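First the structure, in the form of structure tokens, and then the observations on it.
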Amino acid sequence: MGYFPFFMDIAGKKGVIVGGGKVAARKVEKLIPFGPVLTVVASRVEECVRRQEKGNMPSSLFFMEREFRTEDVDGADFVIAATDDERLNRQISDLCKARKIPVNVVDDKKKCTFFFPALIREGSLTVGISTDGKSPVAAAWMRQEISGMLPENLGDVVDLMGQIRPWVMEKIGEESARKAILERMFLYCLERGGRVTVTELQEAFVDFKG
């Protein structure tokens, strides 16, 4: 059937990661730029995980260096089981499923209710690649291939379009006309590598309409 790729705002959401090794560190590294409040629970939190705290908000990453307790998932918006203890991972999965908390169990598709995509990030542009948990190697390969195909400064272009879009929507009420203008603006910005200002786009508005 496949998995639908929802994109959700997780800023300020409570995430719990059980496990304190390299796998947990990779999950923290992927998640932290999106602004969740993460708690890492493990009997031993390795330096590779603690290192993720540097450069981030002090209130975005917490550590509980002890054994996992069932109450650790209370109020969690999502949970990740990243331990090398299969029994514990199963316990966490069953607990979260019973409480309807989204859960990801590393390297165990059957215990997951969501997967981690291979991510490409360029400013406001986020591309997620998933193989339904069947082949992380294939997803990583696709990420590398797609990353190499993206135009330079595409993230800047996307940010610029985000700034000009509300202004265009005020000027043009008809959807198809608005879409056409925004497409022309996007291609114009792309050709110039994002080195365009909102003012320039506004001043050239008449030309884009033509």
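In the structure tokens, the first chain shown is A, the next is B, and so on; residue numbers restart at 1 for each chain, and ligands run from 1 in the order shown.
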
At a cut-off of 12 Å, using only C-alpha atoms, what residues contact Thr199 of chain A? Leave out same-chain residues fewer than 3 positions from it and give the result as an mmCIF file with all heavy atoms, in the first residue's frame.
data_model
loop_
_atom_site.group_PDB
_atom_site.id
_atom_site.type_symbol
_atom_site.label_atom_id
_atom_site.label_comp_id
_atom_site.auth_asym_id
_atom_site.auth_seq_id
_atom_site.Cartn_x
_atom_site.Cartn_y
_atom_site.Cartn_z
ATOM 1 N N LEU A 160 12.663 33.330 -1.428
ATOM 2 C CA LEU A 160 12.229 34.543 -2.127
ATOM 3 C C LEU A 160 10.788 34.413 -2.621
ATOM 4 O O LEU A 160 9.982 35.341 -2.483
ATOM 5 C CB LEU A 160 13.163 34.817 -3.308
ATOM 6 C CG LEU A 160 13.028 36.152 -4.033
ATOM 7 C CD1 LEU A 160 13.257 37.313 -3.065
ATOM 8 C CD2 LEU A 160 14.010 36.227 -5.187
ATOM 9 N N GLN A 163 8.335 34.988 0.032
ATOM 10 C CA GLN A 163 8.147 36.399 0.375
ATOM 11 C C GLN A 163 7.231 37.107 -0.629
ATOM 12 O O GLN A 163 6.420 37.953 -0.247
ATOM 13 C CB GLN A 163 9.499 37.107 0.417
ATOM 14 C CG GLN A 163 10.432 36.613 1.506
ATOM 15 C CD GLN A 163 11.803 37.272 1.418
ATOM 16 O OE1 GLN A 163 11.933 38.496 1.399
ATOM 17 N NE2 GLN A 163 12.851 36.459 1.346
ATOM 18 N N ILE A 164 7.364 36.770 -1.909
ATOM 19 C CA ILE A 164 6.607 37.504 -2.938
ATOM 20 C C ILE A 164 5.201 36.943 -3.136
ATOM 21 O O ILE A 164 4.293 37.655 -3.589
ATOM 22 C CB ILE A 164 7.380 37.483 -4.287
ATOM 23 C CG1 ILE A 164 6.812 38.521 -5.268
ATOM 24 C CG2 ILE A 164 7.356 36.096 -4.921
ATOM 25 C CD1 ILE A 164 6.988 39.953 -4.819
ATOM 26 N N TRP A 167 2.107 38.866 -1.772
ATOM 27 C CA TRP A 167 1.916 40.120 -2.507
ATOM 28 C C TRP A 167 1.220 39.849 -3.839
ATOM 29 O O TRP A 167 0.291 40.570 -4.219
ATOM 30 C CB TRP A 167 3.276 40.786 -2.733
ATOM 31 C CG TRP A 167 3.214 42.147 -3.351
ATOM 32 C CD1 TRP A 167 3.018 43.339 -2.711
ATOM 33 C CD2 TRP A 167 3.358 42.456 -4.750
ATOM 34 N NE1 TRP A 167 3.030 44.372 -3.618
ATOM 35 C CE2 TRP A 167 3.240 43.863 -4.877
ATOM 36 C CE3 TRP A 167 3.593 41.696 -5.889
ATOM 37 C CZ2 TRP A 167 3.341 44.507 -6.108
ATOM 38 C CZ3 TRP A 167 3.680 42.330 -7.116
ATOM 39 C CH2 TRP A 167 3.560 43.718 -7.217
ATOM 40 N N ARG A 195 19.693 35.609 -6.888
ATOM 41 C CA ARG A 195 20.241 36.947 -6.603
ATOM 42 C C ARG A 195 19.275 38.018 -7.119
ATOM 43 O O ARG A 195 19.586 38.803 -8.022
ATOM 44 C CB ARG A 195 21.631 37.084 -7.224
ATOM 45 C CG ARG A 195 22.674 36.197 -6.548
ATOM 46 C CD ARG A 195 24.050 36.366 -7.168
ATOM 47 N NE ARG A 195 24.111 35.749 -8.483
ATOM 48 C CZ ARG A 195 24.384 34.472 -8.683
ATOM 49 N NH1 ARG A 195 24.622 33.667 -7.664
ATOM 50 N NH2 ARG A 195 24.430 33.978 -9.914
ATOM 51 N N VAL A 196 18.096 38.015 -6.531
ATOM 52 C CA VAL A 196 17.019 38.939 -6.887
ATOM 53 C C VAL A 196 16.377 39.406 -5.586
ATOM 54 O O VAL A 196 16.363 38.671 -4.601
ATOM 55 C CB VAL A 196 15.959 38.230 -7.774
ATOM 56 C CG1 VAL A 196 14.884 39.222 -8.208
ATOM 57 C CG2 VAL A 196 16.598 37.580 -8.986
ATOM 58 N N GLN A 202 8.642 43.036 -7.658
ATOM 59 C CA GLN A 202 7.469 43.889 -7.654
ATOM 60 C C GLN A 202 7.523 44.913 -8.789
ATOM 61 O O GLN A 202 6.516 45.194 -9.443
ATOM 62 C CB GLN A 202 7.340 44.583 -6.301
ATOM 63 C CG GLN A 202 6.980 43.646 -5.154
ATOM 64 C CD GLN A 202 7.047 44.311 -3.802
ATOM 65 O OE1 GLN A 202 7.765 45.303 -3.615
ATOM 66 N NE2 GLN A 202 6.298 43.784 -2.840
ATOM 67 N N GLU A 203 8.717 45.457 -8.995
ATOM 68 C CA GLU A 203 8.882 46.461 -10.060
ATOM 69 C C GLU A 203 8.692 45.851 -11.451
ATOM 70 O O GLU A 203 8.257 46.530 -12.377
ATOM 71 C CB GLU A 203 10.254 47.116 -9.954
ATOM 72 C CG GLU A 203 10.408 48.010 -8.730
ATOM 73 C CD GLU A 203 11.819 48.545 -8.563
ATOM 74 O OE1 GLU A 203 12.716 48.051 -9.270
ATOM 75 O OE2 GLU A 203 12.011 49.454 -7.717
ATOM 76 N N ALA A 204 9.020 44.572 -11.586
ATOM 77 C CA ALA A 204 8.883 43.899 -12.879
ATOM 78 C C ALA A 204 7.551 43.187 -13.012
ATOM 79 O O ALA A 204 7.334 42.420 -13.961
ATOM 80 C CB ALA A 204 10.023 42.886 -13.049
ATOM 81 N N PHE A 205 6.628 43.462 -12.133
ATOM 82 C CA PHE A 205 5.348 42.749 -12.086
ATOM 83 C C PHE A 205 4.592 42.847 -13.410
ATOM 84 O O PHE A 205 4.026 41.872 -13.902
ATOM 85 C CB PHE A 205 4.486 43.305 -10.939
ATOM 86 C CG PHE A 205 3.156 42.650 -10.800
ATOM 87 C CD1 PHE A 205 3.060 41.310 -10.428
ATOM 88 C CD2 PHE A 205 1.984 43.359 -11.035
ATOM 89 C CE1 PHE A 205 1.815 40.700 -10.295
ATOM 90 C CE2 PHE A 205 0.750 42.750 -10.898
ATOM 91 C CZ PHE A 205 0.667 41.426 -10.517
#

Near segment 91-97 of chain A, within 9 Å and counting only C-alpha atoms, which residues show up once chain neighbours fewer than 2 positions away are dropped, as a PDB file with N, CA, C and O atoms, in the first residue's frame?
ATOM      1  N   VAL A  18      14.850   6.936  22.841  1.00  0.00           N
ATOM      2  CA  VAL A  18      15.374   5.972  23.805  1.00  0.00           C
ATOM      3  C   VAL A  18      16.604   5.321  23.188  1.00  0.00           C
ATOM      4  O   VAL A  18      16.517   4.649  22.161  1.00  0.00           O
ATOM      5  N   THR A  70       8.212   3.555  31.641  1.00  0.00           N
ATOM      6  CA  THR A  70       7.032   3.720  30.795  1.00  0.00           C
ATOM      7  C   THR A  70       6.494   5.151  30.823  1.00  0.00           C
ATOM      8  O   THR A  70       5.985   5.645  29.813  1.00  0.00           O
ATOM      9  N   VAL A  73       7.213   8.266  28.112  1.00  0.00           N
ATOM     10  CA  VAL A  73       6.499   8.624  26.883  1.00  0.00           C
ATOM     11  C   VAL A  73       5.238   9.443  27.166  1.00  0.00           C
ATOM     12  O   VAL A  73       4.543   9.843  26.228  1.00  0.00           O
ATOM     13  N   PHE A  78       5.948  12.117  19.614  1.00  0.00           N
ATOM     14  CA  PHE A  78       6.523  11.014  18.848  1.00  0.00           C
ATOM     15  C   PHE A  78       7.662  10.406  19.656  1.00  0.00           C
ATOM     16  O   PHE A  78       8.253  11.059  20.523  1.00  0.00           O
ATOM     17  N   VAL A  79       7.947   9.136  19.381  1.00  0.00           N
ATOM     18  CA  VAL A  79       8.969   8.400  20.126  1.00  0.00           C
ATOM     19  C   VAL A  79       9.838   7.628  19.140  1.00  0.00           C
ATOM     20  O   VAL A  79       9.339   7.107  18.126  1.00  0.00           O
ATOM     21  N   ILE A  80      11.123   7.569  19.449  1.00  0.00           N
ATOM     22  CA  ILE A  80      12.056   6.783  18.638  1.00  0.00           C
ATOM     23  C   ILE A  80      12.787   5.807  19.541  1.00  0.00           C
ATOM     24  O   ILE A  80      13.392   6.208  20.547  1.00  0.00           O
ATOM     25  N   ALA A  81      12.708   4.535  19.205  1.00  0.00           N
ATOM     26  CA  ALA A  81      13.443   3.501  19.941  1.00  0.00           C
ATOM     27  C   ALA A  81      14.723   3.207  19.169  1.00  0.00           C
ATOM     28  O   ALA A  81      14.678   2.647  18.072  1.00  0.00           O
ATOM     29  N   GLU A  86      16.431  -5.623  21.653  1.00  0.00           N
ATOM     30  CA  GLU A  86      15.224  -5.908  20.884  1.00  0.00           C
ATOM     31  C   GLU A  86      13.986  -5.985  21.775  1.00  0.00           C
ATOM     32  O   GLU A  86      12.906  -5.513  21.396  1.00  0.00           O
ATOM     33  N   ARG A  87      14.142  -6.540  22.965  1.00  0.00           N
ATOM     34  CA  ARG A  87      13.000  -6.654  23.873  1.00  0.00           C
ATOM     35  C   ARG A  87      12.512  -5.273  24.299  1.00  0.00           C
ATOM     36  O   ARG A  87      11.305  -5.019  24.333  1.00  0.00           O
ATOM     37  N   LEU A  88      13.445  -4.381  24.618  1.00  0.00           N
ATOM     38  CA  LEU A  88      13.073  -3.026  25.017  1.00  0.00           C
ATOM     39  C   LEU A  88      12.425  -2.280  23.857  1.00  0.00           C
ATOM     40  O   LEU A  88      11.411  -1.586  24.036  1.00  0.00           O
ATOM     41  N   ASN A  89      12.985  -2.427  22.667  1.00  0.00           N
ATOM     42  CA  ASN A  89      12.398  -1.781  21.492  1.00  0.00           C
ATOM     43  C   ASN A  89      10.961  -2.252  21.272  1.00  0.00           C
ATOM     44  O   ASN A  89      10.072  -1.460  20.937  1.00  0.00           O
ATOM     45  N   ARG A  99      -0.997   3.648  23.041  1.00  0.00           N
ATOM     46  CA  ARG A  99      -1.350   5.022  23.399  1.00  0.00           C
ATOM     47  C   ARG A  99      -1.526   5.918  22.171  1.00  0.00           C
ATOM     48  O   ARG A  99      -1.697   7.125  22.293  1.00  0.00           O
ATOM     49  N   LYS A 100      -1.410   5.308  20.977  1.00  0.00           N
ATOM     50  CA  LYS A 100      -1.548   6.045  19.713  1.00  0.00           C
ATOM     51  C   LYS A 100      -0.513   7.160  19.586  1.00  0.00           C
ATOM     52  O   LYS A 100      -0.811   8.262  19.103  1.00  0.00           O
ATOM     53  N   ILE A 101       0.711   6.869  20.026  1.00  0.00           N
ATOM     54  CA  ILE A 101       1.838   7.798  19.869  1.00  0.00           C
ATOM     55  C   ILE A 101       2.675   7.321  18.684  1.00  0.00           C
ATOM     56  O   ILE A 101       3.083   6.155  18.657  1.00  0.00           O
ATOM     57  N   PRO A 102       2.929   8.154  17.700  1.00  0.00           N
ATOM     58  CA  PRO A 102       3.773   7.737  16.582  1.00  0.00           C
ATOM     59  C   PRO A 102       5.130   7.233  17.079  1.00  0.00           C
ATOM     60  O   PRO A 102       5.773   7.881  17.900  1.00  0.00           O
ATOM     61  N   VAL A 103       5.554   6.075  16.568  1.00  0.00           N
ATOM     62  CA  VAL A 103       6.793   5.480  17.041  1.00  0.00           C
ATOM     63  C   VAL A 103       7.631   4.961  15.874  1.00  0.00           C
ATOM     64  O   VAL A 103       7.093   4.428  14.900  1.00  0.00           O
ATOM     65  N   ASN A 104       8.916   5.163  15.985  1.00  0.00           N
ATOM     66  CA  ASN A 104       9.874   4.626  15.023  1.00  0.00           C
ATOM     67  C   ASN A 104      10.862   3.742  15.768  1.00  0.00           C
ATOM     68  O   ASN A 104      11.465   4.178  16.752  1.00  0.00           O
ATOM     69  N   VAL A 105      10.973   2.505  15.328  1.00  0.00           N
ATOM     70  CA  VAL A 105      11.943   1.579  15.907  1.00  0.00           C
ATOM     71  C   VAL A 105      13.019   1.348  14.862  1.00  0.00           C
ATOM     72  O   VAL A 105      12.738   0.842  13.765  1.00  0.00           O
ATOM     73  N   LYS A 111       7.731  -2.781  13.640  1.00  0.00           N
ATOM     74  CA  LYS A 111       7.433  -2.140  14.919  1.00  0.00           C
ATOM     75  C   LYS A 111       7.200  -0.633  14.776  1.00  0.00           C
ATOM     76  O   LYS A 111       6.918   0.050  15.756  1.00  0.00           O
ATOM     77  N   CYS A 112       7.338  -0.119  13.548  1.00  0.00           N
ATOM     78  CA  CYS A 112       7.218   1.329  13.316  1.00  0.00           C
ATOM     79  C   CYS A 112       5.802   1.719  12.904  1.00  0.00           C
ATOM     80  O   CYS A 112       5.099   0.956  12.241  1.00  0.00           O
ATOM     81  N   THR A 113       5.421   2.918  13.283  1.00  0.00           N
ATOM     82  CA  THR A 113       4.227   3.523  12.698  1.00  0.00           C
ATOM     83  C   THR A 113       4.605   4.724  11.829  1.00  0.00           C
ATOM     84  O   THR A 113       3.744   5.304  11.170  1.00  0.00           O
TER      85      THR A 113
END

Checklist entry - Using only C-alpha atoms, which residues sit within 12 Å of Lys171 of chain A once same-chain residues fewer than 6 positions away are excluded, as a list in words? => result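 My list of contacting residues is Ile164, Arg165, Ala177, Arg178, Ile181, Leu182, Gln202, Phe205, Val206 and Lys209 of chain A.
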
Output N, CA and C atoms for every residue in the selection just made, as a PDB file, in the first residue's frame.
ATOM      1  N   ILE A 164       7.364  36.770  -1.909  1.00  0.00           N
ATOM      2  CA  ILE A 164       6.607  37.504  -2.938  1.00  0.00           C
ATOM      3  C   ILE A 164       5.201  36.943  -3.136  1.00  0.00           C
ATOM      4  N   ARG A 165       4.979  35.687  -2.783  1.00  0.00           N
ATOM      5  CA  ARG A 165       3.690  35.038  -3.056  1.00  0.00           C
ATOM      6  C   ARG A 165       2.493  35.768  -2.428  1.00  0.00           C
ATOM      7  N   ALA A 177      -4.134  32.641 -13.497  1.00  0.00           N
ATOM      8  CA  ALA A 177      -3.277  33.782 -13.830  1.00  0.00           C
ATOM      9  C   ALA A 177      -2.190  33.951 -12.772  1.00  0.00           C
ATOM     10  N   ARG A 178      -2.589  33.801 -11.507  1.00  0.00           N
ATOM     11  CA  ARG A 178      -1.630  33.916 -10.404  1.00  0.00           C
ATOM     12  C   ARG A 178      -0.551  32.838 -10.509  1.00  0.00           C
ATOM     13  N   ILE A 181       1.988  33.701 -13.272  1.00  0.00           N
ATOM     14  CA  ILE A 181       2.914  34.766 -12.885  1.00  0.00           C
ATOM     15  C   ILE A 181       3.969  34.237 -11.913  1.00  0.00           C
ATOM     16  N   LEU A 182       3.524  33.462 -10.930  1.00  0.00           N
ATOM     17  CA  LEU A 182       4.470  32.917  -9.962  1.00  0.00           C
ATOM     18  C   LEU A 182       5.459  31.963 -10.628  1.00  0.00           C
ATOM     19  N   GLN A 202       8.642  43.036  -7.658  1.00  0.00           N
ATOM     20  CA  GLN A 202       7.469  43.889  -7.654  1.00  0.00           C
ATOM     21  C   GLN A 202       7.523  44.913  -8.789  1.00  0.00           C
ATOM     22  N   PHE A 205       6.628  43.462 -12.133  1.00  0.00           N
ATOM     23  CA  PHE A 205       5.348  42.749 -12.086  1.00  0.00           C
ATOM     24  C   PHE A 205       4.592  42.847 -13.410  1.00  0.00           C
ATOM     25  N   VAL A 206       4.585  44.033 -14.001  1.00  0.00           N
ATOM     26  CA  VAL A 206       3.856  44.229 -15.263  1.00  0.00           C
ATOM     27  C   VAL A 206       4.418  43.347 -16.369  1.00  0.00           C
ATOM     28  N   LYS A 209       3.247  39.853 -15.965  1.00  0.00           N
ATOM     29  CA  LYS A 209       1.854  39.691 -16.355  1.00  0.00           C
ATOM     30  C   LYS A 209       1.721  39.525 -17.870  1.00  0.00           C
TER      31      LYS A 209
END

Got a sec: who's within 7 Å of Leu125 of chain A, counting only C-alpha atoms, leaving out chain neighbours fewer than 4 positions off, as a short mmCIF file (atom, residue, chain, number, x, y, z; two decimals) with C-alpha atoms, in the first residue's frame?
data_model
loop_
_atom_site.label_atom_id
_atom_site.label_comp_id
_atom_site.auth_asym_id
_atom_site.auth_seq_id
_atom_site.Cartn_x
_atom_site.Cartn_y
_atom_site.Cartn_z
CA ARG A 121 17.46 20.46 2.88
CA GLY A 155 16.84 27.33 -1.23
CA VAL A 158 12.27 29.19 -2.54
#

Next on the checklist: Can you pull out every residue from segment 16-117 of chain A that DSSP, working from the backbone, puts in strand (DSSP E or B), and format the result as a PyMOL selection string?
Outcome noted: chain A and resi 16-18+37-42+61-65+78-81+103-105

Next on the checklist: Among segment 18-168 of chain A, which residues does DSSP mark as alpha helix (DSSP H) when it is run on the backbone? Keep the chain and numbering as in the structure and answer as a ChimeraX atom specification.
Outcome noted: /A:22-31,47-50,86-99,136-149,154-168

Checklist entry - Mind pulling up the distance from atom CA of Glu200 of chain A to atom CA of Glu152 of chain A? => result 20.1 Å

Next on the checklist: Neighbouring residues of Phe186 of chain A were defined as those with any atom within 8 Å, considering only C-alpha atoms; residues of the same chain fewer than 3 positions away were excluded. Please report them as a count of residues only.
Outcome noted: 6

Checklist entry - If we count only C-alpha atoms, what is near Lys179 of chain A at a cut-off of 10 Å, once residues fewer than 4 positions away on the same chain are taken out, given as a PyMOL selection string? => result chain A and resi 165+168-169+172+174-175+183-185

Can I get the selection written as an mmCIF file, in the first residue's frame, with N, CA and C atoms?
data_model
loop_
_atom_site.group_PDB
_atom_site.id
_atom_site.type_symbol
_atom_site.label_atom_id
_atom_site.label_comp_id
_atom_site.auth_asym_id
_atom_site.auth_seq_id
_atom_site.Cartn_x
_atom_site.Cartn_y
_atom_site.Cartn_z
ATOM 1 N N ARG A 165 4.979 35.687 -2.783
ATOM 2 C CA ARG A 165 3.690 35.038 -3.056
ATOM 3 C C ARG A 165 2.493 35.768 -2.428
ATOM 4 N N VAL A 168 1.654 38.805 -4.537
ATOM 5 C CA VAL A 168 1.033 38.441 -5.817
ATOM 6 C C VAL A 168 -0.416 38.009 -5.601
ATOM 7 N N MET A 169 -0.676 37.300 -4.519
ATOM 8 C CA MET A 169 -2.037 36.842 -4.240
ATOM 9 C C MET A 169 -2.984 38.018 -4.000
ATOM 10 N N ILE A 172 -3.499 39.505 -7.758
ATOM 11 C CA ILE A 172 -4.177 38.667 -8.742
ATOM 12 C C ILE A 172 -5.110 37.689 -8.037
ATOM 13 N N GLU A 174 -7.443 35.677 -9.708
ATOM 14 C CA GLU A 174 -7.745 34.491 -10.512
ATOM 15 C C GLU A 174 -6.598 33.485 -10.406
ATOM 16 N N GLU A 175 -6.932 32.268 -10.040
ATOM 17 C CA GLU A 175 -5.911 31.281 -9.682
ATOM 18 C C GLU A 175 -4.957 30.935 -10.829
ATOM 19 N N GLU A 183 4.997 31.245 -11.626
ATOM 20 C CA GLU A 183 5.905 30.345 -12.355
ATOM 21 C C GLU A 183 6.966 31.152 -13.102
ATOM 22 N N ARG A 184 6.542 32.243 -13.745
ATOM 23 C CA ARG A 184 7.508 33.095 -14.456
ATOM 24 C C ARG A 184 8.508 33.710 -13.480
ATOM 25 N N MET A 185 8.017 34.134 -12.329
ATOM 26 C CA MET A 185 8.907 34.710 -11.320
ATOM 27 C C MET A 185 9.912 33.678 -10.817
#

Item to check | Glu122 of chain A environment, 8 Å, only C-alpha atoms, sequence neighbours closer than 2 positions dropped, as number ranges by chain | outcome: A: 120, 124-126, 153-156

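Using only C-alpha atoms, the shortest contact distance between Gln52 of chain A and any of A:Ala25, A:Ile146, A:Val37, A:Ala82 is found at A:Ala25.
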
Checklist entry - Of the residues A:Asp72, A:Asp77, A:Glu53, A:Glu47, which is the one nearest to Lys14 of chain A, using only C-alpha atoms? => result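 Among A:Asp72, A:Asp77, A:Glu53, A:Glu47, it is A:Asp77 that comes nearest to Lys14 of chain A.
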
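Rounded to one decimal, atom CA of Gly21 of chain A and atom CA of Val49 of chain A lie 6.6 Å from each other.
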